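Structure first, then comments.
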Amino acid sequence: MSGFDVRLADAHRSRALVFFATLTMALLLVAAILVSRTMAGTSASAAAPETGGLDPAGAALMAEAAEAALTLDDMVMAEHAVFANCIDCPVLMAAEVTVRSGQTFASVLAEAGASRIDAARAIAALDPIYPARSLRAGQSLNLFFERDPLQRISADEESGLTLTGISFRPDQERTLTVARTADGQYRTREAVMTVEREIVRARGEISSSLYAAALNAGATDRIVTDMALVLGHAVDFRTIRYGDTFDIVFERYTNRAGEVIRTGRILYMTFEGRGRPLEYFRYEAPDGDIGYYTAEGESAARLLMKMPINGARISSQFGMRFHPIRRTNRPHNGTDFAAPTGTPIYAAGSGTVERADWFGTFGNYIRIRHANGYQTAYAHLNGFARGIRAGTRVTQGQTIGYVGTTGASTGPHLHYEVHLNGRPLNPMSLDLPTGRRLESNELNVFRAERDRIIALRDQAPAAREEEPQPVLVAERSEERRVSAGSGASARP
């Protein structure tokens, strides 16, 4: 044997070729960026309008970079490497900022060092795709600046920085970049991630809670919440027991790597507990109304939900009780649901908000007027959802506030009341008729959609594949024997 391994040599040669090919592509990319910057600076006026001030080569480069999933950070870092030994070149700086509550787009850019003019132009360029008012607290922004090291900053030149770019992701599927052009204007590009839609199925048996069992079967928080909102019309979640079963068919969107980006609509659901089995199909009526219906075309929705909250337990029933603060027996005109502070509270039905403010011992309080003389009230809230105020129209299942312990309260909970023409009712004993029943020609359209969903259900793969159980191939037992007097061990 000579000691020379041909396969090992081939492996080393392959790694070397991959390394040099990658290095060559990186150098070509940096060179193309510099060429595009130079051409944009010398011939901006001759650039085609559709490229936003960039020459065709630069526009093509941007398209190739987007296709290759290169980020603005990658290109800035590449320029940093080229300018490292440059004396007169502008200094490139990057900053990542997080929007705070109460900040506007203009105030964020100004605080980071952008001039008023640059900030206004960048916001105007971004507005057709992402209006400035859409910016929310917690949004992360990548800001890029340029400063000429030879420039002397006077008191009226603000920070002396030039805003060259903004990059951020408004949602999981989009990336927005705002870049400065050679003429001092800004252009916006939107990169949309390619996602694939698939129909998956999550089903199982409840051993602890519906929430935990559904997540274990491959559902998400959003899917469980949407399912609970539909079942909340007919199911008292206190009655859920070990062995109850569920089945959910829903949309899921994945990227090219197979990673789940988000979930979509629930198409089908069933729940079988102690009462009558429930089965619902999603149906969009010709008039645009979307709802869930039984196989016979009866709507799952009712005028009011029994439980306008998920993941809560009943801590106090409707009726006479001993008040824990006033220490007297008195009527309790609602139902209390104990839940962690911040848990979302939903509108039990569609209607108009009559009041949303502080109301004595009720603390933060919301009252909604519904059809047919019904009213619902929600007390001890930690806070109100955005836009909830007197006169606001709300829809059933819409988040209106969050669990708290304001007012006369001994702990975080929702106090929920239902009134009919001013008379309090027990929310847990309401038996309201369904909102809609499909008839005649519309029922035939629904049946066709129902059959289509059943076919999808029967073909849908599991949302979470079961992990294969380890298979015991062979089992061997060994016995250690110690010979007398020697202390040595022997194996048979």
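Identifiers in the structure tokens: chain A, B, ... in order shown; residue index from 1 per chain; ligand index from 1 in order shown.
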
For Leu430 (chain A), please output as a PyMOL selection string all residues within 8 Å (counting only C-alpha atoms; exclusion window: fewer than 4 positions along the same chain). chain A and resi 306+425-426

Surrounding residues of Ala460 (chain A) excluding itself and chain neighbours under 6 positions, 10 Å, only C-alpha atoms, as a PyMOL selection string: chain A and resi 198-202+249-250+454

Emit the selected residues as a PDB file, in the first residue's frame, including N, CA, C and O atoms.
ATOM      1  N   GLU A 198     -50.661  24.484   0.834  1.00  0.00           N
ATOM      2  CA  GLU A 198     -50.999  23.075   0.970  1.00  0.00           C
ATOM      3  C   GLU A 198     -52.150  22.920   1.956  1.00  0.00           C
ATOM      4  O   GLU A 198     -52.372  23.780   2.812  1.00  0.00           O
ATOM      5  N   ILE A 199     -52.903  21.850   1.788  1.00  0.00           N
ATOM      6  CA  ILE A 199     -54.010  21.535   2.680  1.00  0.00           C
ATOM      7  C   ILE A 199     -53.565  20.398   3.596  1.00  0.00           C
ATOM      8  O   ILE A 199     -53.147  19.336   3.115  1.00  0.00           O
ATOM      9  N   VAL A 200     -53.615  20.622   4.903  1.00  0.00           N
ATOM     10  CA  VAL A 200     -53.153  19.615   5.858  1.00  0.00           C
ATOM     11  C   VAL A 200     -54.254  19.331   6.870  1.00  0.00           C
ATOM     12  O   VAL A 200     -55.228  20.084   6.996  1.00  0.00           O
ATOM     13  N   ARG A 201     -54.055  18.258   7.610  1.00  0.00           N
ATOM     14  CA  ARG A 201     -55.097  17.786   8.529  1.00  0.00           C
ATOM     15  C   ARG A 201     -54.491  17.519   9.904  1.00  0.00           C
ATOM     16  O   ARG A 201     -53.449  16.849  10.021  1.00  0.00           O
ATOM     17  N   ALA A 202     -55.113  18.071  10.937  1.00  0.00           N
ATOM     18  CA  ALA A 202     -54.682  17.831  12.317  1.00  0.00           C
ATOM     19  C   ALA A 202     -55.842  17.211  13.077  1.00  0.00           C
ATOM     20  O   ALA A 202     -56.910  17.815  13.190  1.00  0.00           O
ATOM     21  N   VAL A 249     -59.081  20.568   9.191  1.00  0.00           N
ATOM     22  CA  VAL A 249     -58.426  20.640   7.885  1.00  0.00           C
ATOM     23  C   VAL A 249     -58.233  22.122   7.572  1.00  0.00           C
ATOM     24  O   VAL A 249     -59.200  22.892   7.582  1.00  0.00           O
ATOM     25  N   PHE A 250     -56.980  22.519   7.323  1.00  0.00           N
ATOM     26  CA  PHE A 250     -56.695  23.939   7.145  1.00  0.00           C
ATOM     27  C   PHE A 250     -55.584  24.165   6.122  1.00  0.00           C
ATOM     28  O   PHE A 250     -54.871  23.225   5.724  1.00  0.00           O
ATOM     29  N   ILE A 454     -64.801  17.676   1.479  1.00  0.00           N
ATOM     30  CA  ILE A 454     -64.670  16.293   1.957  1.00  0.00           C
ATOM     31  C   ILE A 454     -63.588  15.568   1.164  1.00  0.00           C
ATOM     32  O   ILE A 454     -62.779  14.814   1.728  1.00  0.00           O
TER      33      ILE A 454
END

Neighbouring residues of Ile266 (chain A) were defined as those with any atom within 8 Å, considering only C-alpha atoms; residues of the same chain fewer than 5 positions away were excluded. Please report them as a list in words. Ile223, Asp226, Met227, Ile248, Val249, Phe250, Glu251 and Arg282 of chain A

Would you mind writing down, as a PyMOL selection string, each residue of region 169-298 of chain A that DSSP on the backbone assigns to strand (DSSP E or B)? chain A and resi 169-171+174-180+186-192+196-205+245-254+260-272+278-284+290-293+298

Using only C-alpha atoms, the best pick from A:Gly165, A:Gly407, A:Gly397, A:Gly334 as closest to Ser429 (chain A) would be A:Gly334

Neighbouring residues of Met269 (chain A) were defined as those with any atom within 6 Å, considering only C-alpha atoms; residues of the same chain fewer than 4 positions away were excluded. Please report them as a list in words. Asp247, Ile248, Glu279 and Tyr280 of chain A

Within 12 Å of Arg355 (chain A), counting only C-alpha atoms, which residues qualify if same-chain residues fewer than 4 places away don't, as a PDB file with N, CA and C atoms, in the first residue's frame?
ATOM      1  N   PHE A 359     -65.413  52.499  34.649  1.00  0.00           N
ATOM      2  CA  PHE A 359     -66.784  52.474  35.153  1.00  0.00           C
ATOM      3  C   PHE A 359     -66.781  51.980  36.605  1.00  0.00           C
ATOM      4  N   ASN A 364     -61.858  49.138  33.958  1.00  0.00           N
ATOM      5  CA  ASN A 364     -61.996  49.327  32.509  1.00  0.00           C
ATOM      6  C   ASN A 364     -63.137  48.446  32.016  1.00  0.00           C
ATOM      7  N   TYR A 365     -64.087  49.070  31.316  1.00  0.00           N
ATOM      8  CA  TYR A 365     -65.375  48.423  31.074  1.00  0.00           C
ATOM      9  C   TYR A 365     -65.821  48.681  29.633  1.00  0.00           C
ATOM     10  N   ILE A 366     -66.405  47.647  29.002  1.00  0.00           N
ATOM     11  CA  ILE A 366     -66.976  47.776  27.653  1.00  0.00           C
ATOM     12  C   ILE A 366     -68.403  47.242  27.681  1.00  0.00           C
ATOM     13  N   ARG A 367     -69.310  47.985  27.041  1.00  0.00           N
ATOM     14  CA  ARG A 367     -70.678  47.487  26.870  1.00  0.00           C
ATOM     15  C   ARG A 367     -71.044  47.599  25.390  1.00  0.00           C
ATOM     16  N   ILE A 368     -71.627  46.513  24.851  1.00  0.00           N
ATOM     17  CA  ILE A 368     -71.967  46.439  23.425  1.00  0.00           C
ATOM     18  C   ILE A 368     -73.462  46.208  23.284  1.00  0.00           C
ATOM     19  N   ARG A 369     -74.086  46.932  22.371  1.00  0.00           N
ATOM     20  CA  ARG A 369     -75.507  46.749  22.051  1.00  0.00           C
ATOM     21  C   ARG A 369     -75.624  45.860  20.824  1.00  0.00           C
ATOM     22  N   GLN A 375     -77.641  43.010  25.162  1.00  0.00           N
ATOM     23  CA  GLN A 375     -76.440  43.759  25.473  1.00  0.00           C
ATOM     24  C   GLN A 375     -75.451  42.830  26.160  1.00  0.00           C
ATOM     25  N   THR A 376     -74.160  43.061  25.944  1.00  0.00           N
ATOM     26  CA  THR A 376     -73.129  42.326  26.672  1.00  0.00           C
ATOM     27  C   THR A 376     -72.181  43.324  27.315  1.00  0.00           C
ATOM     28  N   ALA A 377     -71.611  42.945  28.463  1.00  0.00           N
ATOM     29  CA  ALA A 377     -70.689  43.822  29.188  1.00  0.00           C
ATOM     30  C   ALA A 377     -69.444  43.032  29.577  1.00  0.00           C
ATOM     31  N   TYR A 378     -68.298  43.724  29.619  1.00  0.00           N
ATOM     32  CA  TYR A 378     -66.997  43.106  29.881  1.00  0.00           C
ATOM     33  C   TYR A 378     -66.258  44.027  30.856  1.00  0.00           C
ATOM     34  N   ALA A 379     -65.884  43.495  32.031  1.00  0.00           N
ATOM     35  CA  ALA A 379     -65.342  44.357  33.085  1.00  0.00           C
ATOM     36  C   ALA A 379     -63.976  43.884  33.578  1.00  0.00           C
ATOM     37  N   PHE A 384     -58.001  48.363  26.421  1.00  0.00           N
ATOM     38  CA  PHE A 384     -58.879  48.217  25.269  1.00  0.00           C
ATOM     39  C   PHE A 384     -58.070  47.952  24.008  1.00  0.00           C
ATOM     40  N   ILE A 388     -61.202  50.682  19.783  1.00  0.00           N
ATOM     41  CA  ILE A 388     -62.441  50.405  20.512  1.00  0.00           C
ATOM     42  C   ILE A 388     -62.824  51.633  21.337  1.00  0.00           C
ATOM     43  N   ARG A 389     -63.937  52.231  20.977  1.00  0.00           N
ATOM     44  CA  ARG A 389     -64.470  53.396  21.695  1.00  0.00           C
ATOM     45  C   ARG A 389     -65.978  53.456  21.462  1.00  0.00           C
ATOM     46  N   ALA A 390     -66.651  54.319  22.186  1.00  0.00           N
ATOM     47  CA  ALA A 390     -68.100  54.438  22.035  1.00  0.00           C
ATOM     48  C   ALA A 390     -68.452  54.780  20.594  1.00  0.00           C
ATOM     49  N   GLY A 391     -69.425  54.045  20.025  1.00  0.00           N
ATOM     50  CA  GLY A 391     -69.853  54.263  18.649  1.00  0.00           C
ATOM     51  C   GLY A 391     -69.197  53.345  17.643  1.00  0.00           C
ATOM     52  N   THR A 392     -68.164  52.602  18.050  1.00  0.00           N
ATOM     53  CA  THR A 392     -67.462  51.704  17.132  1.00  0.00           C
ATOM     54  C   THR A 392     -68.313  50.471  16.831  1.00  0.00           C
ATOM     55  N   ARG A 393     -68.375  50.092  15.551  1.00  0.00           N
ATOM     56  CA  ARG A 393     -69.029  48.849  15.155  1.00  0.00           C
ATOM     57  C   ARG A 393     -68.038  47.700  15.282  1.00  0.00           C
ATOM     58  N   ILE A 400     -61.618  42.935  21.462  1.00  0.00           N
ATOM     59  CA  ILE A 400     -62.047  44.263  21.931  1.00  0.00           C
ATOM     60  C   ILE A 400     -61.247  44.724  23.152  1.00  0.00           C
TER      61      ILE A 400
END

Need to verify the contact set: Tyr186 (chain A), 9 Å, only C-alpha atoms, exclusion of same-chain residues closer than 6 positions in sequence. Can you return it as a ChimeraX atom specification? /A:52-53,118,121-126,164-165,178-180

Go ahead and compute the interatomic distance for CA of Asn441 (chain A) and CA of Ala295 (chain A), in Å to one decimal.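 Pair CA of Asn441 (chain A) / CA of Ala295 (chain A) returns 15.4 Å.
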
Atom-to-atom span, CA of Asn333 (chain A) and CA of Asn421 (chain A), Å: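 Between CA of Asn333 (chain A) and CA of Asn421 (chain A) the gap is 14.3 Å.
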
Running DSSP on the backbone, which parts of region 84-270 of chain A land in alpha helix (DSSP H), as a VMD selection string? chain A and resid 105 to 112 116 to 126 210 to 216 221 to 231

For a quick check of understanding, using only C-alpha atoms, which of A:Asn444, A:Thr352, A:Arg241, A:Pro331 has the smallest distance to Pro424 (chain A)?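 For Pro424 (chain A), the nearest of the candidates is A:Pro331.
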
In Å, rounded to a single decimal, give me how far CA of Thr175 (chain A) is from CA of Glu190 (chain A). 5.9 Å

Which residue of A:Ile314, A:Val230, A:Leu381, A:Val260 approaches Ala408 (chain A) most closely, using only C-alpha atoms: A:Leu381

Polymer residues at most 12 Å from Ala300 (chain A), only C-alpha atoms, same-chain spacing of 3 or more positions, as number ranges by chain: A: 227-235, 269-270, 278-283, 290-297, 303-305, 432-438

With C-alpha atoms retained, write the just-selected residues as a compact mmCIF listing (two decimals), in the first residue's frame.
# COMPACT_ATOMS: atom_id res chain seq x y z
CA MET A 227 -61.55 26.82 15.81
CA ALA A 228 -62.49 27.85 19.35
CA LEU A 229 -64.34 30.91 18.05
CA VAL A 230 -66.53 28.67 15.89
CA LEU A 231 -67.05 25.96 18.51
CA GLY A 232 -67.66 28.60 21.19
CA HIS A 233 -71.22 29.03 19.95
CA ALA A 234 -72.18 25.47 20.83
CA VAL A 235 -69.50 24.06 23.16
CA MET A 269 -63.62 20.91 11.60
CA THR A 270 -65.27 18.33 13.78
CA LEU A 278 -70.32 18.79 15.70
CA GLU A 279 -69.17 19.02 12.07
CA TYR A 280 -68.69 22.31 10.20
CA PHE A 281 -67.68 23.29 6.64
CA ARG A 282 -66.41 26.69 5.54
CA TYR A 283 -68.67 28.34 2.95
CA ILE A 290 -68.34 33.78 5.06
CA GLY A 291 -69.28 31.29 7.74
CA TYR A 292 -69.23 27.69 8.91
CA TYR A 293 -72.20 25.43 8.36
CA THR A 294 -73.30 21.92 9.24
CA ALA A 295 -73.60 19.32 6.50
CA GLU A 296 -77.29 20.28 6.25
CA GLY A 297 -76.57 23.99 5.73
CA LEU A 303 -76.36 35.79 18.05
CA LEU A 304 -73.95 35.58 21.01
CA MET A 305 -71.05 33.37 22.07
CA LEU A 432 -80.05 31.13 21.04
CA PRO A 433 -81.12 30.06 17.54
CA THR A 434 -78.55 29.88 14.77
CA GLY A 435 -78.08 32.93 12.62
CA ARG A 436 -78.75 31.51 9.17
CA ARG A 437 -79.99 28.42 7.34
CA LEU A 438 -79.23 27.90 3.66

Would you mind telling me which residue in A:Gly404, A:Gly387, A:Gly102, A:Gly184 lies nearest to Phe362 (chain A) when using only C-alpha atoms?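 Of A:Gly404, A:Gly387, A:Gly102, A:Gly184, the one nearest Phe362 (chain A), counting only C-alpha atoms, is A:Gly404.
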